[in-house]
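Structure file run_33.cif (mmCIF, C-alpha atoms and all ligand atoms) is printed below.
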```cif
data_start
#
loop_
_atom_site.label_atom_id
_atom_site.label_comp_id
_atom_site.auth_asym_id
_atom_site.auth_seq_id
_atom_site.Cartn_x
_atom_site.Cartn_y
_atom_site.Cartn_z
CA MET A 1010 100.69 62.27 145.51
CA LYS A 1011 100.26 59.83 148.42
CA ASN A 1012 102.81 57.01 148.32
CA SER A 1013 100.60 53.93 148.71
CA LEU A 1014 103.67 51.72 148.60
CA PHE A 1015 105.16 53.11 151.82
CA GLY A 1016 105.46 50.31 154.38
CA ARG A 1017 104.66 47.54 151.89
CA ASP A 1018 106.42 44.16 151.82
CA LEU A 1019 107.74 42.58 148.62
CA ILE A 1020 107.81 38.81 148.96
CA THR A 1021 106.36 38.00 145.55
CA THR A 1022 105.37 40.28 142.67
CA GLN A 1023 101.93 38.66 142.96
CA ASP A 1024 101.30 40.95 145.96
CA TRP A 1025 101.73 44.08 143.82
CA THR A 1026 99.43 45.32 141.05
CA VAL A 1027 100.63 45.82 137.48
CA GLU A 1028 100.28 49.58 138.03
CA GLU A 1029 102.40 49.48 141.20
CA ILE A 1030 105.11 47.48 139.44
CA ALA A 1031 105.06 49.87 136.47
CA ARG A 1032 105.45 52.77 138.90
CA LEU A 1033 108.47 51.09 140.51
CA LEU A 1034 110.03 50.55 137.07
CA GLU A 1035 109.51 54.22 136.16
CA LEU A 1036 111.32 55.31 139.32
CA ALA A 1037 114.07 52.75 138.66
CA ALA A 1038 114.62 54.29 135.21
CA GLU A 1039 114.78 57.78 136.76
CA LEU A 1040 117.31 56.63 139.38
CA LYS A 1041 119.40 54.95 136.68
CA ALA A 1042 119.45 58.18 134.66
CA ALA A 1043 120.33 60.20 137.78
CA LYS A 1044 123.24 57.89 138.57
CA ARG A 1045 124.53 58.16 135.00
CA ALA A 1046 124.27 61.97 135.22
CA GLY A 1047 126.12 62.01 138.55
CA THR A 1048 123.10 63.45 140.36
CA ALA A 1049 122.81 62.51 144.03
CA THR A 1050 119.52 60.91 145.16
CA PRO A 1051 119.57 60.92 148.99
CA LEU A 1052 115.98 59.68 149.35
CA LEU A 1053 116.69 57.47 152.38
CA ALA A 1054 119.05 59.63 154.44
CA ALA A 1055 119.67 58.19 157.93
CA LYS A 1056 117.58 55.07 157.22
CA THR A 1057 118.83 51.51 157.81
CA LEU A 1058 118.21 48.24 155.97
CA TYR A 1059 119.01 44.91 157.63
CA MET A 1060 120.03 42.19 155.14
CA ILE A 1061 119.89 38.63 156.49
CA PHE A 1062 121.58 36.12 154.16
CA PHE A 1063 121.03 32.42 154.84
CA ASP A 1064 122.66 31.75 151.41
CA ALA A 1065 125.60 33.06 149.39
CA SER A 1066 125.31 36.07 147.08
CA THR A 1067 127.36 38.32 144.84
CA ARG A 1068 124.79 40.47 143.01
CA THR A 1069 122.03 40.70 145.60
CA ARG A 1070 124.19 41.71 148.55
CA ASN A 1071 126.27 44.22 146.64
CA SER A 1072 123.38 45.82 144.76
CA PHE A 1073 121.30 46.28 147.93
CA GLU A 1074 124.23 47.55 149.98
CA THR A 1075 125.49 49.88 147.25
CA GLY A 1076 121.92 51.00 146.58
CA MET A 1077 121.43 52.05 150.20
CA THR A 1078 124.71 53.99 150.13
CA GLN A 1079 123.60 55.81 146.97
CA LEU A 1080 120.26 56.65 148.61
CA GLY A 1081 122.03 58.17 151.62
CA GLY A 1082 121.16 55.34 154.01
CA HIS A 1083 122.99 52.40 155.52
CA ALA A 1084 122.72 48.64 154.94
CA ILE A 1085 123.92 46.06 157.47
CA TYR A 1086 124.99 42.61 156.27
CA LEU A 1087 123.86 39.85 158.62
CA SER A 1088 124.23 36.09 158.46
CA PRO A 1089 122.38 33.67 160.75
CA ASP A 1090 125.61 32.12 162.05
CA LYS A 1091 126.61 35.53 163.45
CA MET A 1092 123.13 36.20 164.87
CA GLN A 1093 121.17 34.60 167.70
CA ILE A 1094 119.20 32.78 164.97
CA SER A 1095 122.07 30.27 165.28
CA HIS A 1096 121.02 29.67 168.91
CA GLY A 1097 117.36 29.29 167.99
CA GLU A 1098 116.01 32.87 168.29
CA ASN A 1099 112.70 32.82 166.45
CA ALA A 1100 111.37 34.94 163.58
CA LYS A 1101 109.02 36.88 165.87
CA ASP A 1102 111.77 38.13 168.18
CA THR A 1103 114.15 38.90 165.30
CA ALA A 1104 111.41 40.81 163.45
CA ASN A 1105 110.30 42.84 166.45
CA VAL A 1106 113.79 43.84 167.55
CA LEU A 1107 115.06 44.87 164.10
CA SER A 1108 111.80 46.80 163.56
CA ARG A 1109 112.61 48.92 166.64
CA TYR A 1110 115.98 49.94 165.17
CA GLY A 1111 115.69 50.43 161.42
CA GLU A 1112 113.35 50.93 158.50
CA ALA A 1113 113.34 47.60 156.57
CA ILE A 1114 114.40 43.96 156.74
CA ALA A 1115 115.57 42.03 153.67
CA ILE A 1116 116.04 38.26 153.73
CA ARG A 1117 117.50 35.58 151.43
CA HIS A 1118 116.51 32.06 152.51
CA CYS A 1119 116.37 29.46 149.73
CA ALA A 1120 116.03 26.17 151.67
CA PHE A 1121 113.20 24.30 149.98
CA GLY A 1122 110.07 24.19 152.15
CA GLU A 1123 111.55 26.68 154.66
CA GLY A 1124 112.62 29.95 153.05
CA ASN A 1125 109.31 31.49 152.05
CA ALA A 1126 107.68 30.38 155.31
CA TYR A 1127 110.46 32.07 157.34
CA ILE A 1128 110.25 35.32 155.38
CA ARG A 1129 106.46 35.39 155.76
CA GLU A 1130 106.78 34.76 159.50
CA VAL A 1131 109.20 37.69 159.85
CA ALA A 1132 106.79 39.84 157.79
CA ARG A 1133 103.88 38.84 160.04
CA HIS A 1134 105.68 40.24 163.08
CA ALA A 1135 107.71 43.12 161.61
CA SER A 1136 106.37 46.67 161.72
CA VAL A 1137 108.71 47.69 158.87
CA PRO A 1138 108.70 46.44 155.24
CA VAL A 1139 110.11 42.98 154.58
CA ILE A 1140 111.79 42.40 151.23
CA SER A 1141 112.57 38.97 149.83
CA MET A 1142 116.07 38.77 148.43
CA GLN A 1143 115.12 35.26 147.12
CA CYS A 1144 113.41 32.33 148.73
CA ASP A 1145 112.63 28.77 147.69
CA ILE A 1146 109.60 29.94 145.67
CA TYR A 1147 110.22 33.50 144.45
CA HIS A 1148 113.02 35.90 143.46
CA PRO A 1149 111.03 39.11 142.95
CA CYS A 1150 113.93 41.59 142.71
CA GLN A 1151 115.64 39.53 139.99
CA ILE A 1152 112.49 39.38 137.91
CA LEU A 1153 111.80 43.12 138.29
CA ALA A 1154 115.33 43.73 136.97
CA ASP A 1155 114.62 41.32 134.11
CA LEU A 1156 111.44 43.19 133.19
CA MET A 1157 113.29 46.51 133.33
CA THR A 1158 115.93 45.07 130.97
CA ILE A 1159 113.27 43.81 128.54
CA ARG A 1160 111.54 47.21 128.55
CA GLU A 1161 114.84 48.95 127.83
CA ARG A 1162 115.38 46.70 124.80
CA PHE A 1163 111.84 46.48 123.41
CA GLY A 1164 110.00 49.51 124.82
CA ARG A 1165 107.43 49.86 127.59
CA ASP A 1166 104.67 48.14 125.67
CA THR A 1167 105.78 44.53 126.05
CA ARG A 1168 102.54 42.97 124.80
CA GLY A 1169 103.06 40.29 122.18
CA LEU A 1170 106.72 39.65 122.95
CA LYS A 1171 107.69 35.99 123.30
CA LEU A 1172 109.79 34.83 126.26
CA GLY A 1173 111.32 31.35 126.48
CA VAL A 1174 112.16 30.04 129.95
CA ALA A 1175 114.33 26.98 129.33
CA TRP A 1176 115.72 24.52 131.85
CA THR A 1177 119.46 23.83 131.43
CA SER A 1178 121.69 21.07 132.76
CA ALA A 1179 124.16 22.34 135.39
CA PRO A 1180 126.11 20.23 137.91
CA ASN A 1181 127.34 20.50 141.52
CA TYR A 1182 124.26 21.78 143.34
CA VAL A 1183 120.49 21.82 143.08
CA ARG A 1184 119.40 25.32 142.13
CA PRO A 1185 116.14 26.80 143.46
CA LEU A 1186 112.89 27.12 141.48
CA SER A 1187 112.52 30.78 142.32
CA VAL A 1188 113.79 32.36 139.10
CA PRO A 1189 111.72 30.37 136.57
CA GLN A 1190 108.67 30.53 138.83
CA SER A 1191 108.91 34.29 139.21
CA LEU A 1192 109.42 34.70 135.45
CA ILE A 1193 106.33 32.70 134.47
CA LEU A 1194 104.25 34.59 137.05
CA LEU A 1195 105.24 38.16 136.23
CA MET A 1196 105.87 38.31 132.48
CA PRO A 1197 102.35 37.30 131.30
CA ARG A 1198 100.89 40.08 133.47
CA PHE A 1199 102.71 42.47 131.14
CA GLY A 1200 101.29 40.76 128.03
CA ILE A 1201 104.40 38.68 127.30
CA ASP A 1202 103.76 35.18 125.87
CA VAL A 1203 105.76 32.62 127.84
CA THR A 1204 106.94 29.15 126.85
CA LEU A 1205 108.38 27.07 129.68
CA ALA A 1206 110.57 24.22 128.35
CA CYS A 1207 111.86 21.53 130.71
CA PRO A 1208 112.24 17.74 130.96
CA PRO A 1209 109.23 16.10 132.67
CA GLU A 1210 111.10 15.68 135.98
CA PHE A 1211 111.82 19.41 136.16
CA ARG A 1212 108.29 20.81 136.16
CA LEU A 1213 107.64 23.69 138.55
CA MET A 1214 105.29 23.81 141.54
CA PRO A 1215 101.78 22.97 140.24
CA GLU A 1216 100.17 25.92 142.03
CA ILE A 1217 102.69 28.31 140.45
CA GLU A 1218 102.08 26.88 136.95
CA ALA A 1219 98.31 27.26 137.55
CA GLN A 1220 98.77 30.85 138.73
CA ALA A 1221 100.90 31.60 135.66
CA LYS A 1222 98.06 30.33 133.45
CA ALA A 1223 95.59 32.56 135.29
CA ASN A 1224 97.96 35.54 135.00
CA ALA A 1225 98.31 34.92 131.26
CA LYS A 1226 94.55 34.87 130.81
CA ALA A 1227 94.17 38.12 132.76
CA GLY A 1228 97.08 39.72 130.90
CA GLY A 1229 95.94 38.70 127.41
CA ALA A 1230 99.03 36.52 126.94
CA ARG A 1231 99.80 32.84 126.32
CA PHE A 1232 101.52 30.47 128.75
CA GLU A 1233 102.64 27.09 127.39
CA ILE A 1234 104.69 24.21 128.76
CA SER A 1235 106.84 21.97 126.55
CA ASP A 1236 109.33 19.14 127.11
CA CYS A 1237 111.31 20.23 124.02
CA PHE A 1238 114.27 22.58 124.68
CA GLU A 1239 114.04 24.19 121.22
CA ASP A 1240 110.43 25.30 121.81
CA ALA A 1241 111.70 27.96 124.23
CA PHE A 1242 113.80 29.47 121.43
CA ALA A 1243 111.52 29.19 118.39
CA GLY A 1244 110.47 32.71 117.40
CA ALA A 1245 111.42 34.10 120.82
CA ASN A 1246 112.43 37.71 121.50
CA VAL A 1247 113.88 36.88 124.91
CA VAL A 1248 115.25 33.63 126.26
CA VAL A 1249 116.30 32.75 129.82
CA PRO A 1250 118.06 29.35 129.76
CA LYS A 1251 118.66 28.54 133.42
CA SER A 1252 119.11 25.45 135.58
CA TRP A 1253 116.92 24.43 138.51
CA GLY A 1254 116.46 21.26 140.54
CA PRO A 1255 113.91 18.45 140.01
CA LEU A 1256 112.28 19.37 143.32
CA MET A 1257 108.78 18.24 142.33
CA THR A 1258 110.26 14.79 141.56
CA THR A 1259 112.78 14.27 144.36
CA ARG A 1260 114.17 16.16 147.36
CA ASP A 1261 117.15 13.81 147.50
CA THR A 1262 120.24 15.77 146.38
CA LYS A 1263 122.08 12.75 144.99
CA GLN A 1264 119.06 11.68 142.95
CA GLY A 1265 118.49 15.27 141.82
CA LEU A 1266 122.08 15.68 140.58
CA ALA A 1267 121.83 12.31 138.77
CA LEU A 1268 118.65 13.47 137.01
CA ILE A 1269 120.38 16.69 135.92
CA GLU A 1270 123.10 14.58 134.27
CA GLN A 1271 120.49 12.77 132.15
CA TYR A 1272 120.01 15.86 129.97
CA PRO A 1273 123.50 17.15 129.02
CA THR A 1274 122.31 18.50 125.66
CA TRP A 1275 120.03 21.06 127.33
CA ARG A 1276 122.60 23.84 126.86
CA CYS A 1277 122.11 27.21 125.18
CA ASP A 1278 124.34 27.52 122.09
CA GLY A 1279 124.50 29.44 118.83
CA ALA A 1280 122.35 26.91 116.96
CA ARG A 1281 119.53 27.24 119.49
CA MET A 1282 119.82 31.05 119.49
CA ALA A 1283 119.45 30.99 115.70
CA LEU A 1284 115.92 29.59 116.15
CA GLY A 1285 114.75 32.85 117.73
CA SER A 1286 113.53 36.12 116.33
CA PRO A 1287 116.27 38.27 114.70
CA ASP A 1288 116.10 40.54 117.79
CA LEU A 1289 116.43 37.66 120.29
CA ILE A 1290 118.29 38.53 123.49
CA TYR A 1291 119.94 36.08 125.91
CA MET A 1292 119.32 36.62 129.62
CA HIS A 1293 120.57 34.83 132.73
CA PRO A 1294 120.35 36.04 136.35
CA LEU A 1295 123.92 34.79 137.01
CA PRO A 1296 125.91 33.00 138.23
CA ALA A 1297 125.87 30.93 135.03
CA ASP A 1298 127.71 27.66 134.60
CA ARG A 1299 129.70 28.48 131.48
CA GLY A 1300 130.13 25.48 129.20
CA ARG A 1301 127.28 23.55 130.80
CA GLU A 1302 124.33 25.96 130.78
CA VAL A 1303 125.56 28.17 127.96
CA THR A 1304 128.47 28.43 125.56
CA ASP A 1305 130.91 31.34 125.87
CA GLU A 1306 129.96 32.28 122.32
CA VAL A 1307 126.41 33.09 123.48
CA ILE A 1308 126.98 34.58 126.95
CA ASP A 1309 129.83 36.78 125.66
CA GLY A 1310 128.10 37.45 122.33
CA PRO A 1311 126.19 40.48 121.03
CA ARG A 1312 122.77 39.13 122.03
CA SER A 1313 123.71 38.70 125.69
CA VAL A 1314 122.37 41.34 128.11
CA VAL A 1315 123.48 39.63 131.31
CA TYR A 1316 125.44 42.61 132.64
CA ASP A 1317 122.58 45.04 131.94
CA GLU A 1318 120.35 42.61 133.80
CA ALA A 1319 122.76 42.48 136.76
CA GLU A 1320 123.11 46.28 136.77
CA ASN A 1321 119.36 46.73 136.80
CA ARG A 1322 119.19 44.88 140.11
CA LEU A 1323 120.71 48.03 141.62
CA HIS A 1324 118.18 50.38 140.05
CA VAL A 1325 115.00 48.39 140.73
CA GLN A 1326 116.04 47.74 144.34
CA LYS A 1327 116.80 51.44 144.90
CA ALA A 1328 113.32 52.23 143.60
CA LEU A 1329 111.82 49.50 145.77
CA MET A 1330 113.55 50.78 148.89
CA ALA A 1331 112.77 54.43 148.13
CA LEU A 1332 109.07 53.63 147.70
CA THR A 1333 108.60 51.31 150.66
CA MET A 1334 110.96 52.53 153.42
N1 LIG B 1401 121.11 36.65 140.52
C1 LIG B 1401 121.42 36.64 141.84
O1 LIG B 1401 120.54 36.67 142.71
O2 LIG B 1401 122.76 36.64 142.10
P1 LIG B 1401 123.45 36.37 143.51
O3 LIG B 1401 123.08 34.95 143.91
O4 LIG B 1401 124.90 36.56 143.29
O5 LIG B 1401 122.90 37.34 144.51
#
```

Can the structure from this file be put into structure tokens for me?
Ligand code: CP
Amino acid sequence: MKNSLFGRDLITTQDWTVEEIARLLELAAELKAAKRAGTATPLLAAKTLYMIFFDASTRTRNSFETGMTQLGGHAIYLSPDKMQISHGENAKDTANVLSRYGEAIAIRHCAFGEGNAYIREVARHASVPVISMQCDIYHPCQILADLMTIRERFGRDTRGLKLGVAWTSAPNYVRPLSVPQSLILLMPRFGIDVTLACPPEFRLMPEIEAQAKANAKAGGARFEISDCFEDAFAGANVVVPKSWGPLMTTRDTKQGLALIEQYPTWRCDGARMALGSPDLIYMHPLPADRGREVTDEVIDGPRSVVYDEAENRLHVQKALMALTM
């Protein structure tokens, strides 16, 4: 069978069809089973992935780098301060040069208003696939791992499941919009009803909310927005309580952090979890702010699947690289 995904970028799941995503998830499941069985899968022998991190990472870096090792290839960790990007080298030159050496370029760049534009500019000039490892708008690999985790728990037919995406109050820094935005875009395409719950100042990008509505209509699912935290939990099968910044209200960090402090009760706890379906699972992409976003009782409890979710980053990214590189 011809691999129509060879050479393709992944910057948002919107660029891939439901069938292509389902195919990636099937391969991810096969690679997970092979790893568990101790079977080698050297699908990318002698191939190289360049990983450019403008922002910190634990899961993304280690799952991509480990994934390339397991596929028989090599991943190189790069940060702009150690590259000529720090002296102003542009996306075109970086893209063209790395394309002459290796087989794919992966980038994390979360600065609001800059990250997605930079990744798209690299993709415009690269002759190899460009993979987003998270930008200011999307986090496609995280959400593919989330969908894999949901399918493992509830089966491949996810139609009719209810997902709550709930804003939570977390201090110290303004977190990107990319996780909730990617969740509300992808899950309705697989028939999952989504409720987004957030205070009014924490609404997502209007064009992403509109696209999520359109995706829900096409996928035969519901997409609702509420300013009541509990609505994300009521009757839900899956809940992702996660902080993000009020970036549609203010770009000022001090003002943003002050707004976050106005809603200290937006924290996932046992009482909120009890509002869900008896099979409700708790998900979080990590890192989580324990005590502020979620109680230890929940994140360490029997409904939490956060380590499965983190593990599945490895498997979906191996499938992604094997299909595209
Ligand atoms: N979930 C996630 O992307 O984790 P890192 O920021 O550690 O890569």

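Compared by their closest atoms to ligand LIG 1401 (chain B), and using only C-alpha atoms and all ligand atoms, the residues A:Arg1184, A:Lys1263, A:Arg1160, A:Arg1299 rank with A:Arg1184 nearest.
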
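Comparing the minimum interatomic distances between Ile1140 of chain A and each of A:Ala1243, A:Leu1019, A:Ile1308, A:Val1203, counting all atoms listed in the file, we find that A:Leu1019 sits nearest.
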
Spatial neighbours of Glu1112 of chain A, max dist 10 Å, only C-alpha atoms, sep filter under 3 positions, as a PDB file with C-alpha atoms, in the frame of the given file:
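Okay, out24.pdb is ready:
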```
ATOM      1  CA  GLY A1016     105.460  50.310 154.380  1.00  0.00           C
ATOM      2  CA  LEU A1053     116.690  57.470 152.380  1.00  0.00           C
ATOM      3  CA  ALA A1055     119.670  58.190 157.930  1.00  0.00           C
ATOM      4  CA  LYS A1056     117.580  55.070 157.220  1.00  0.00           C
ATOM      5  CA  THR A1057     118.830  51.510 157.810  1.00  0.00           C
ATOM      6  CA  LEU A1058     118.210  48.240 155.970  1.00  0.00           C
ATOM      7  CA  TYR A1059     119.010  44.910 157.630  1.00  0.00           C
ATOM      8  CA  LEU A1107     115.060  44.870 164.100  1.00  0.00           C
ATOM      9  CA  SER A1108     111.800  46.800 163.560  1.00  0.00           C
ATOM     10  CA  ARG A1109     112.610  48.920 166.640  1.00  0.00           C
ATOM     11  CA  SER A1136     106.370  46.670 161.720  1.00  0.00           C
ATOM     12  CA  VAL A1137     108.710  47.690 158.870  1.00  0.00           C
ATOM     13  CA  PRO A1138     108.700  46.440 155.240  1.00  0.00           C
ATOM     14  CA  VAL A1139     110.110  42.980 154.580  1.00  0.00           C
ATOM     15  CA  MET A1330     113.550  50.780 148.890  1.00  0.00           C
ATOM     16  CA  THR A1333     108.600  51.310 150.660  1.00  0.00           C
ATOM     17  CA  MET A1334     110.960  52.530 153.420  1.00  0.00           C
TER      18      MET A1334
END
```

| message | As a quick test: using only C-alpha atoms and all ligand atoms, which residues lie no more than 10 Å away from ligand LIG 1401 (chain B)? Give them as a VMD selection string. | response | chain A and resid 1062 1064 to 1073 1117 1142 to 1143 1148 to 1152 1154 1187 to 1188 1293 to 1297 1315 1318 to 1319 1322

For C-alpha atoms, I'd like the residues from the last selection saved as a PDB file, in the frame of the given file.
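Output file out-v1.pdb is given in full below:
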```pdb
ATOM      1  CA  PHE A1062     121.580  36.120 154.160  1.00  0.00           C
ATOM      2  CA  ASP A1064     122.660  31.750 151.410  1.00  0.00           C
ATOM      3  CA  ALA A1065     125.600  33.060 149.390  1.00  0.00           C
ATOM      4  CA  SER A1066     125.310  36.070 147.080  1.00  0.00           C
ATOM      5  CA  THR A1067     127.360  38.320 144.840  1.00  0.00           C
ATOM      6  CA  ARG A1068     124.790  40.470 143.010  1.00  0.00           C
ATOM      7  CA  THR A1069     122.030  40.700 145.600  1.00  0.00           C
ATOM      8  CA  ARG A1070     124.190  41.710 148.550  1.00  0.00           C
ATOM      9  CA  ASN A1071     126.270  44.220 146.640  1.00  0.00           C
ATOM     10  CA  SER A1072     123.380  45.820 144.760  1.00  0.00           C
ATOM     11  CA  PHE A1073     121.300  46.280 147.930  1.00  0.00           C
ATOM     12  CA  ARG A1117     117.500  35.580 151.430  1.00  0.00           C
ATOM     13  CA  MET A1142     116.070  38.770 148.430  1.00  0.00           C
ATOM     14  CA  GLN A1143     115.120  35.260 147.120  1.00  0.00           C
ATOM     15  CA  HIS A1148     113.020  35.900 143.460  1.00  0.00           C
ATOM     16  CA  PRO A1149     111.030  39.110 142.950  1.00  0.00           C
ATOM     17  CA  CYS A1150     113.930  41.590 142.710  1.00  0.00           C
ATOM     18  CA  GLN A1151     115.640  39.530 139.990  1.00  0.00           C
ATOM     19  CA  ILE A1152     112.490  39.380 137.910  1.00  0.00           C
ATOM     20  CA  ALA A1154     115.330  43.730 136.970  1.00  0.00           C
ATOM     21  CA  SER A1187     112.520  30.780 142.320  1.00  0.00           C
ATOM     22  CA  VAL A1188     113.790  32.360 139.100  1.00  0.00           C
ATOM     23  CA  HIS A1293     120.570  34.830 132.730  1.00  0.00           C
ATOM     24  CA  PRO A1294     120.350  36.040 136.350  1.00  0.00           C
ATOM     25  CA  LEU A1295     123.920  34.790 137.010  1.00  0.00           C
ATOM     26  CA  PRO A1296     125.910  33.000 138.230  1.00  0.00           C
ATOM     27  CA  ALA A1297     125.870  30.930 135.030  1.00  0.00           C
ATOM     28  CA  VAL A1315     123.480  39.630 131.310  1.00  0.00           C
ATOM     29  CA  GLU A1318     120.350  42.610 133.800  1.00  0.00           C
ATOM     30  CA  ALA A1319     122.760  42.480 136.760  1.00  0.00           C
ATOM     31  CA  ARG A1322     119.190  44.880 140.110  1.00  0.00           C
TER      32      ARG A1322
END
```

| query | For Ala1135 of chain A, which residue among A:Asp1018, A:Thr1048, A:Pro1209, A:Val1314 is the nearest when counting only C-alpha atoms? | reply | A:Asp1018

Could you work out an axis-aligned bounding box for all listed atoms of segment 1309-1320 of chain A, with 4 Å added on each of the six sides, and give its centre and edge lengths in Å to one decimal, as lines of an AutoDock Vina configuration file?
```
center_x = 125.1
center_y = 41.5
center_z = 128.9
size_x = 17.5
size_y = 17.5
size_z = 23.7
```

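Interatomic distance, atom CA of Pro1250 of chain A to atom CA of Gly1164 of chain A: 22.3 Å.
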
| task | Fewer than 5 positions away in the same chain doesn't count, so skip those; otherwise give me all residues within 9 Å of segment 1119-1131 of chain A, counting all atoms listed in the file, as a VMD selection string. | result | chain A and resid 1020 1063 to 1064 1099 to 1105 1114 1139 to 1141 1143 to 1147 1185 to 1187 1256 1260

| Hey, which of A:Phe1199, A:Tyr1086, A:Phe1163, A:Trp1176 ends up closest to Asn1224 of chain A? Count only C-alpha atoms. | A:Phe1199

| task | Find the residues around Lys1044 of chain A up to 12 Å (all atoms listed in the file counted), leave out those fewer than 6 positions away in its own chain, and share them as a PyMOL selection string. | result | chain A and resi 1037-1038+1050-1051+1076+1079-1080+1320-1321+1323-1324+1327

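Atom CA of Val1303 of chain A is positioned 4.5 Å from atom CA of Cys1277 of chain A.
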
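One distance worth recording is that between atom CA of Ile1116 of chain A and atom CA of Ala1042 of chain A, which is 27.8 Å.
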
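Closest approach to Leu1170 of chain A among A:Gly1285, A:Gly1097, A:Pro1189, A:Gly1279: A:Gly1285, based on only C-alpha atoms.
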